[in-house]
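A quick write-up on the structure given underneath.
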Amino acid sequence: MPSPAPHAPTIVVAEDNADQRSLYVTILTGVGYRVLEAADGAEAVDVVRKERPGLVLMDVTMPGTSGWNAVRTLKNDPETREIPIIVITGLASAWDRDASLASGCDEYLAKPVSPVRLIEEVKKFLPP
């Protein structure tokens, strides 16, 4: 797989399931993004604050700090509030969508997400 360009847009993928995280990384690096990984919400907040990515993909059900809490933390921080966050979750009810959007995320995707749909949604916020 080719490496992204040195100045490729950066995405943080926050997902506790290593297989899912690896899949998202493969898809996104395959279309030219630089991808950083986080295995839980607290790690995601740390990576986002340090790296200032162009976009965050956030699972909501993670150990420790949940994705919803991480989204609220990032959106309440003046340094990171403008970074778009797409929640990707297996929680697919209307309540889950509403809760995700109320936490401050910019988009909500229910798993499983096809690679084509993932790329389409990412490109809305961050062209490659």
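Scheme for the structure tokens: letters A, B, ... for chains in order shown; per-chain residue numbers from 1; ligand numbers from 1 in order shown.
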Task: Sel. of strand (DSSP E) residues, chain A, as number ranges by chain - done: A: 10-14, 34-38, 55-58, 85-89, 107-110
- [ ] Using only C-alpha atoms, determine which residues lie at most 7 Å from Leu57 in chain A, disregarding the query and same-chain residues fewer than 3 positions distant; provide the list as a ChimeraX atom specification.
- [x] /A:12-14,85-88
Keeping only all heavy atoms, take the residues you just selected and write them out as a tab-separated table (two decimals), in the first residue's frame.
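And here is the file that came out, selection26.tsv:
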```tsv
chain	number	residue	atom	x	y	z
A	12	VAL	N	-7.93	11.05	12.66
A	12	VAL	CA	-7.77	10.19	13.82
A	12	VAL	C	-8.92	9.19	13.83
A	12	VAL	O	-10.08	9.59	13.75
A	12	VAL	CB	-7.74	10.99	15.14
A	12	VAL	CG1	-7.81	10.06	16.35
A	12	VAL	CG2	-6.50	11.86	15.21
A	13	VAL	N	-8.60	7.91	13.91
A	13	VAL	CA	-9.59	6.85	14.02
A	13	VAL	C	-9.57	6.35	15.46
A	13	VAL	O	-8.58	5.76	15.91
A	13	VAL	CB	-9.30	5.69	13.04
A	13	VAL	CG1	-10.25	4.53	13.30
A	13	VAL	CG2	-9.41	6.16	11.60
A	14	ALA	N	-10.66	6.61	16.19
A	14	ALA	CA	-10.80	6.16	17.57
A	14	ALA	C	-11.78	4.99	17.60
A	14	ALA	O	-12.98	5.17	17.41
A	14	ALA	CB	-11.30	7.31	18.44
A	85	ILE	N	-16.15	15.78	13.65
A	85	ILE	CA	-16.14	14.43	14.22
A	85	ILE	C	-17.30	13.64	13.64
A	85	ILE	O	-18.45	14.08	13.70
A	85	ILE	CB	-16.26	14.46	15.75
A	85	ILE	CG1	-15.09	15.25	16.36
A	85	ILE	CG2	-16.32	13.03	16.31
A	85	ILE	CD1	-15.20	15.46	17.86
A	86	ILE	N	-16.97	12.49	13.06
A	86	ILE	CA	-17.98	11.55	12.57
A	86	ILE	C	-18.03	10.40	13.55
A	86	ILE	O	-17.02	9.72	13.76
A	86	ILE	CB	-17.65	11.03	11.16
A	86	ILE	CG1	-17.59	12.17	10.15
A	86	ILE	CG2	-18.67	9.97	10.74
A	86	ILE	CD1	-17.13	11.73	8.76
A	87	VAL	N	-19.20	10.18	14.16
A	87	VAL	CA	-19.39	9.03	15.02
A	87	VAL	C	-19.71	7.83	14.15
A	87	VAL	O	-20.55	7.92	13.25
A	87	VAL	CB	-20.52	9.30	16.04
A	87	VAL	CG1	-21.02	8.01	16.65
A	87	VAL	CG2	-20.04	10.24	17.12
A	88	ILE	N	-19.02	6.72	14.41
A	88	ILE	CA	-19.31	5.45	13.74
A	88	ILE	C	-19.59	4.45	14.84
A	88	ILE	O	-18.72	4.18	15.68
A	88	ILE	CB	-18.12	4.97	12.87
A	88	ILE	CG1	-17.78	6.01	11.81
A	88	ILE	CG2	-18.46	3.64	12.23
A	88	ILE	CD1	-16.64	5.60	10.92
```
- [ ] Record the distance separating CA of Ile27 in chain A and CA of Val45 in chain A, expressed in Å with one decimal.
- [x] 22.4 Å
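When the distance limit is 9 Å and only C-alpha atoms are what count, the residues near Asp16 in chain A, minus those fewer than 2 positions from it on the same chain, are A:Ala14, A:Ala18, A:Asp19, A:Gln20, A:Arg21, A:Ala38, A:Ala39, A:Asp40, A:Gly41, A:Asp59, A:Thr61, A:Met62, A:Pro63.
If you count only C-alpha atoms and ignore residues fewer than 4 places along the chain from range 112-118 of chain A, what sits within 12 Å of it is Gln20, Leu23, Tyr24, Val25, Thr26, Ile27, Leu28, Thr29, Gly30, Val31, Leu57, Asp59, Ile86, Val87, Ile88, Thr89, Gly90, Leu91, Ala92, Glu107, Tyr108, Val122, Lys123, Lys124, Phe125 and Leu126 of chain A.
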Export, as a compact mmCIF listing (two decimals), in the first residue's frame, the selected residues with N, CA and C atoms.
```txt
# COMPACT_ATOMS: atom_id res chain seq x y z
N GLN A 20 -11.59 -3.57 13.39
CA GLN A 20 -12.33 -2.46 12.78
C GLN A 20 -11.41 -1.28 12.52
N LEU A 23 -9.25 -1.90 9.59
CA LEU A 23 -10.01 -1.78 8.36
C LEU A 23 -10.16 -0.32 7.95
N TYR A 24 -10.54 0.54 8.90
CA TYR A 24 -10.69 1.97 8.59
C TYR A 24 -9.35 2.58 8.15
N VAL A 25 -8.29 2.20 8.83
CA VAL A 25 -6.96 2.72 8.47
C VAL A 25 -6.61 2.31 7.05
N THR A 26 -6.84 1.05 6.70
CA THR A 26 -6.53 0.56 5.36
C THR A 26 -7.33 1.31 4.30
N ILE A 27 -8.61 1.48 4.53
CA ILE A 27 -9.47 2.19 3.57
C ILE A 27 -9.01 3.62 3.39
N LEU A 28 -8.77 4.31 4.49
CA LEU A 28 -8.44 5.74 4.41
C LEU A 28 -7.04 6.01 3.91
N THR A 29 -6.06 5.20 4.28
CA THR A 29 -4.72 5.39 3.74
C THR A 29 -4.70 5.03 2.26
N GLY A 30 -5.57 4.11 1.87
CA GLY A 30 -5.65 3.71 0.46
C GLY A 30 -6.10 4.81 -0.47
N VAL A 31 -6.81 5.81 0.08
CA VAL A 31 -7.23 6.94 -0.76
C VAL A 31 -6.42 8.20 -0.45
N LEU A 57 -12.80 10.15 13.35
CA LEU A 57 -13.82 9.10 13.30
C LEU A 57 -13.85 8.50 14.69
N ASP A 59 -15.73 5.93 17.49
CA ASP A 59 -16.67 4.94 18.00
C ASP A 59 -17.20 5.49 19.32
N ILE A 86 -16.97 12.49 13.06
CA ILE A 86 -17.98 11.55 12.57
C ILE A 86 -18.03 10.40 13.55
N VAL A 87 -19.20 10.18 14.16
CA VAL A 87 -19.39 9.03 15.02
C VAL A 87 -19.71 7.83 14.15
N ILE A 88 -19.02 6.72 14.41
CA ILE A 88 -19.31 5.45 13.74
C ILE A 88 -19.59 4.45 14.84
N THR A 89 -20.80 3.89 14.84
CA THR A 89 -21.19 3.04 15.95
C THR A 89 -22.12 1.92 15.53
N GLY A 90 -22.09 0.86 16.32
CA GLY A 90 -23.03 -0.23 16.13
C GLY A 90 -24.38 0.07 16.76
N LEU A 91 -24.46 1.15 17.51
CA LEU A 91 -25.72 1.58 18.11
C LEU A 91 -26.51 2.32 17.05
N ALA A 92 -27.57 1.70 16.56
CA ALA A 92 -28.22 2.21 15.34
C ALA A 92 -29.66 2.67 15.53
N GLU A 107 -21.47 14.26 12.25
CA GLU A 107 -22.16 13.26 11.43
C GLU A 107 -22.22 11.96 12.22
N TYR A 108 -23.16 11.11 11.84
CA TYR A 108 -23.39 9.84 12.52
C TYR A 108 -23.52 8.76 11.47
N VAL A 122 -16.34 10.95 4.64
CA VAL A 122 -15.09 11.61 5.01
C VAL A 122 -14.80 12.77 4.05
N LYS A 123 -15.01 12.55 2.76
CA LYS A 123 -14.73 13.59 1.76
C LYS A 123 -15.61 14.82 1.92
N LYS A 124 -16.78 14.68 2.56
CA LYS A 124 -17.63 15.83 2.80
C LYS A 124 -16.94 16.83 3.74
N PHE A 125 -16.11 16.32 4.62
CA PHE A 125 -15.43 17.16 5.60
C PHE A 125 -13.96 17.40 5.29
N LEU A 126 -13.34 16.46 4.58
CA LEU A 126 -11.90 16.50 4.37
C LEU A 126 -11.51 15.91 3.02
```
